[in-house]
Amino acid sequence: MRKIELLCPASSLEVLKIAVIYGADAVYIGGEAFGLRAKAKNFSMEEMAEGVAFAHAHGVRVYVTANILAHNYDLDGVREYFTELHNMKPDRPDALIIADPAVFMIAKEVCPEIERHVSTQANNTNYGTYQFWWNLGASRVVTARELSLKEIKEIRGHIDDRMEIETFVHGAMCISYSGRCLLSNYFTGRDANKGACTHPCRWKYSVVEEKRPGEYLPVYENERGTYIFNSKDLCMIEHIPDLIDAGIDSYKIEGRMKTALYVATVARTYRKAIDDYLESPEKYEANMPWYLEQIKSCTYRQFTTGFFYGKPSEETQIYDNNTYEKGYTYLGIVGAPNEKGLYRMEQRNKFSVGEQIEIMKPNGDNVLATVLALVDEDGNEMESCPHPQQVFYVKLSETPDEFDILRRQENEAIALAKL
């Protein structure tokens, strides 16, 4: 059996640390240029260096996205950017995720010691393409979203055994071929292939017949319109055995725009599911209700298995809304206690004294606690924390030992509070 890697997204240094602590084997991040998530917070060079050092200290690898489809004016900047990554101290990233052949060759020249992974944006649909990239020096290729598990298994059987296959197993699905979309650029002038997608596939649409302009015909319409391009989210938590059988090396979670709560929940759940199956298939089956309960506790847009078991049917689309299912409200990150036994928090959503909240622990346990007191940074008591990203201290009904704050490094917060 090939070694399995759980690969998680990180939109910021804070989320990177959460992903590491909650079970990722590797994380993928974007710098301030040349990635496909221009609206994400992304990493400055200083943050990236800190993130790589933190991940490596915990035995976790870091991959940097540079997967735009480059224009002529991008190439000099790409060379400069890769030179900075090559010179990064104390540690370099472990790999670059690249879609464009010119960008790939610049990386091979400028920073050959950093592995090169080929992005799903490169439309990798057959074993000949994989072997092509292997011969050019790629160590890994990310499968196109349109491949079935049967096709992936065939690819595995025709490529060099040392080559790695990475596949998305969870998260949002893109309507377009391997994520290459022109809708955003056409409607708004913001190019999805340059990282600026406005997600027009989530907008509401009606059909207009050519000879009846202005007469909008409904397509599975509710009071807000129809969402004919709106895909369900991918979820393969129930199909770990089939992923293993296909010979996939890296199980990739989509979500570089997601919160720390989302990343922690999905990372922790897939980590346990993978480990349980490797320990005992019977244990994996027995714990399935827990996996499903956990994975549905963070925001999602209903679930599908995508193309893995054949061409998706109309059941894969959501026609009547563009909203997410939501099981919990993300309150913030619980840090280390101070000398008075109060836990430091940075607010993400409002909550108040007297409410019961839930603390997610990295080991899979959730701890219920009552909020006994809230204190601002000046020591003043508060009834609630109404300001976004407000830093404050919280007194909880549980003792510090019961939170089992694991692997804390320099008071890094690792427990997530949920209402």
# chains A, B, ... in the order shown; residues from 1 in each chain; ligands from 1

$ residues_around --residues "range 60-77 of chain A" --least-positions-apart "2" --cutoff "8 Å" --atoms "only C-alpha atoms" --output "VMD selection string"
chain A and resid 20 24 to 31 33 to 36 52 55 to 58 79 to 81 93 to 100 102 to 103 119 121 193 to 195

$ select_by_dssp --residues "range 14-90 of chain A" --states "helix (DSSP H, G or I)" --output "PyMOL selection string"
chain A and resi 14-21+45-57+72-86

$ residues_around --residues "Ile248 in chain A" --least-positions-apart "4" --cutoff "8 Å" --atoms "only C-alpha atoms" --output "list of chain:residue names"
A:Arg2, A:Ile4, A:Ile152, A:Arg156, A:Glu164, A:Ile165, A:Glu166, A:Thr167, A:Leu243, A:Ile244

$ atom_distance --atom1 "CA of Phe132 in chain A" --atom2 "CA of Phe168 in chain A"
21.3 Å

$ closest_residue --among "A:Gly137, A:Gly51, A:Gly157, A:Gly255" --to "Pro9 in chain A" --atoms "only C-alpha atoms"
A:Gly255

$ residues_around --residues "Lys89 in chain A" --least-positions-apart "5" --cutoff "12 Å" --atoms "only C-alpha atoms" --output "JSON, numbers by chain"
{"A": [45, 46, 47, 48, 49, 50, 51, 52, 53, 84]}

$ residues_around --residues "range 235-238 of chain A" --least-positions-apart "6" --cutoff "6 Å" --atoms "only C-alpha atoms" --output "PyMOL selection string"
chain A and resi 169-170+303-305

$ residues_around --residues "Val391 in chain A" --least-positions-apart "3" --cutoff "10 Å" --atoms "only C-alpha atoms" --output "list in words"
Gly332, Arg344, Met345, Glu346, Gln347, Arg348, Val375, Asp376, Glu377, Cys385, His387 and Pro388 of chain A

$ closest_residue --among "A:Leu292, A:Arg190, A:Gly247, A:His199" --to "His158 in chain A" --atoms "only C-alpha atoms"
A:Gly247

$ atom_distance --atom1 "CA of Leu149 in chain A" --atom2 "CA of Asp245 in chain A"
8.7 Å

$ residues_around --residues "Gly310 in chain A" --least-positions-apart "3" --cutoff "12 Å" --atoms "only C-alpha atoms" --output "short mmCIF file (atom, residue, chain, number, x, y, z; two decimals) with all heavy atoms, in the first residue's frame"
data_model
loop_
_atom_site.label_atom_id
_atom_site.label_comp_id
_atom_site.auth_asym_id
_atom_site.auth_seq_id
_atom_site.Cartn_x
_atom_site.Cartn_y
_atom_site.Cartn_z
N ARG A 145 -10.26 17.13 -12.45
CA ARG A 145 -11.47 16.84 -11.67
C ARG A 145 -12.39 15.87 -12.41
O ARG A 145 -13.25 15.25 -11.81
CB ARG A 145 -12.23 18.13 -11.37
CG ARG A 145 -11.52 19.13 -10.46
CD ARG A 145 -11.47 18.64 -9.02
NE ARG A 145 -11.16 19.72 -8.10
CZ ARG A 145 -12.00 20.23 -7.22
NH1 ARG A 145 -13.23 19.79 -7.14
NH2 ARG A 145 -11.62 21.19 -6.41
N GLU A 146 -12.24 15.76 -13.72
CA GLU A 146 -13.16 14.99 -14.54
C GLU A 146 -12.84 13.49 -14.59
O GLU A 146 -13.52 12.73 -15.28
CB GLU A 146 -13.17 15.54 -15.98
CG GLU A 146 -13.63 16.97 -16.08
CD GLU A 146 -12.57 17.99 -15.70
OE1 GLU A 146 -11.37 17.66 -15.74
OE2 GLU A 146 -12.94 19.12 -15.31
N LEU A 147 -11.82 13.04 -13.88
CA LEU A 147 -11.43 11.63 -13.95
C LEU A 147 -12.21 10.77 -12.96
O LEU A 147 -12.50 11.18 -11.84
CB LEU A 147 -9.93 11.49 -13.65
CG LEU A 147 -8.97 12.06 -14.70
CD1 LEU A 147 -7.54 11.73 -14.31
CD2 LEU A 147 -9.27 11.53 -16.08
N SER A 148 -12.52 9.56 -13.39
CA SER A 148 -13.11 8.56 -12.50
C SER A 148 -12.01 7.83 -11.75
O SER A 148 -10.82 7.88 -12.13
CB SER A 148 -13.94 7.56 -13.30
OG SER A 148 -13.08 6.77 -14.13
N LEU A 149 -12.38 7.12 -10.70
CA LEU A 149 -11.40 6.32 -9.97
C LEU A 149 -10.83 5.23 -10.86
O LEU A 149 -9.65 4.87 -10.74
CB LEU A 149 -12.05 5.71 -8.73
CG LEU A 149 -12.33 6.67 -7.58
CD1 LEU A 149 -13.12 5.98 -6.48
CD2 LEU A 149 -11.03 7.25 -7.01
N LYS A 150 -11.65 4.69 -11.76
CA LYS A 150 -11.17 3.67 -12.70
C LYS A 150 -10.06 4.23 -13.58
O LYS A 150 -9.02 3.58 -13.80
CB LYS A 150 -12.34 3.17 -13.54
CG LYS A 150 -11.97 2.12 -14.58
CD LYS A 150 -13.21 1.63 -15.31
CE LYS A 150 -12.88 0.56 -16.35
NZ LYS A 150 -12.09 1.09 -17.47
N GLU A 151 -10.26 5.46 -14.08
CA GLU A 151 -9.24 6.08 -14.93
C GLU A 151 -7.98 6.38 -14.13
O GLU A 151 -6.85 6.21 -14.64
CB GLU A 151 -9.80 7.37 -15.53
CG GLU A 151 -10.87 7.16 -16.59
CD GLU A 151 -11.45 8.46 -17.08
OE1 GLU A 151 -12.09 9.16 -16.26
OE2 GLU A 151 -11.26 8.80 -18.25
N THR A 304 -21.51 15.46 -2.96
CA THR A 304 -21.52 14.61 -4.14
C THR A 304 -20.18 13.88 -4.21
O THR A 304 -19.20 14.31 -3.58
CB THR A 304 -21.74 15.44 -5.42
OG1 THR A 304 -21.64 14.58 -6.56
CG2 THR A 304 -20.67 16.52 -5.56
N THR A 305 -20.14 12.81 -5.01
CA THR A 305 -18.86 12.12 -5.27
C THR A 305 -18.27 12.55 -6.61
O THR A 305 -17.32 11.94 -7.09
CB THR A 305 -19.05 10.60 -5.25
OG1 THR A 305 -20.08 10.22 -6.18
CG2 THR A 305 -19.43 10.11 -3.85
N GLY A 306 -18.82 13.61 -7.20
CA GLY A 306 -18.24 14.18 -8.41
C GLY A 306 -18.19 13.19 -9.55
O GLY A 306 -19.16 12.50 -9.85
N PHE A 307 -17.03 13.10 -10.21
CA PHE A 307 -16.83 12.24 -11.37
C PHE A 307 -16.25 10.87 -11.00
O PHE A 307 -16.00 10.05 -11.89
CB PHE A 307 -15.88 12.92 -12.36
CG PHE A 307 -16.44 14.13 -13.04
CD1 PHE A 307 -16.44 15.37 -12.41
CD2 PHE A 307 -16.98 14.05 -14.31
CE1 PHE A 307 -16.96 16.49 -13.03
CE2 PHE A 307 -17.50 15.17 -14.95
CZ PHE A 307 -17.48 16.38 -14.31
N SER A 313 -24.81 13.06 -12.58
CA SER A 313 -26.16 13.31 -13.09
C SER A 313 -26.63 14.69 -12.66
O SER A 313 -25.89 15.45 -12.01
CB SER A 313 -27.12 12.25 -12.53
OG SER A 313 -27.33 12.48 -11.14
N THR A 316 -26.24 16.13 -9.09
CA THR A 316 -25.01 16.75 -8.59
C THR A 316 -25.13 18.27 -8.50
O THR A 316 -24.36 18.91 -7.82
CB THR A 316 -23.84 16.38 -9.52
OG1 THR A 316 -23.78 14.96 -9.61
CG2 THR A 316 -22.51 16.88 -8.98
#

$ closest_residue --among "A:Val353, A:Leu13, A:Ala267, A:Leu7" --to "Val142 in chain A" --atoms "only C-alpha atoms"
A:Leu7

$ atom_distance --atom1 "CA of Asn349 in chain A" --atom2 "CA of Ala260 in chain A"
12.9 Å
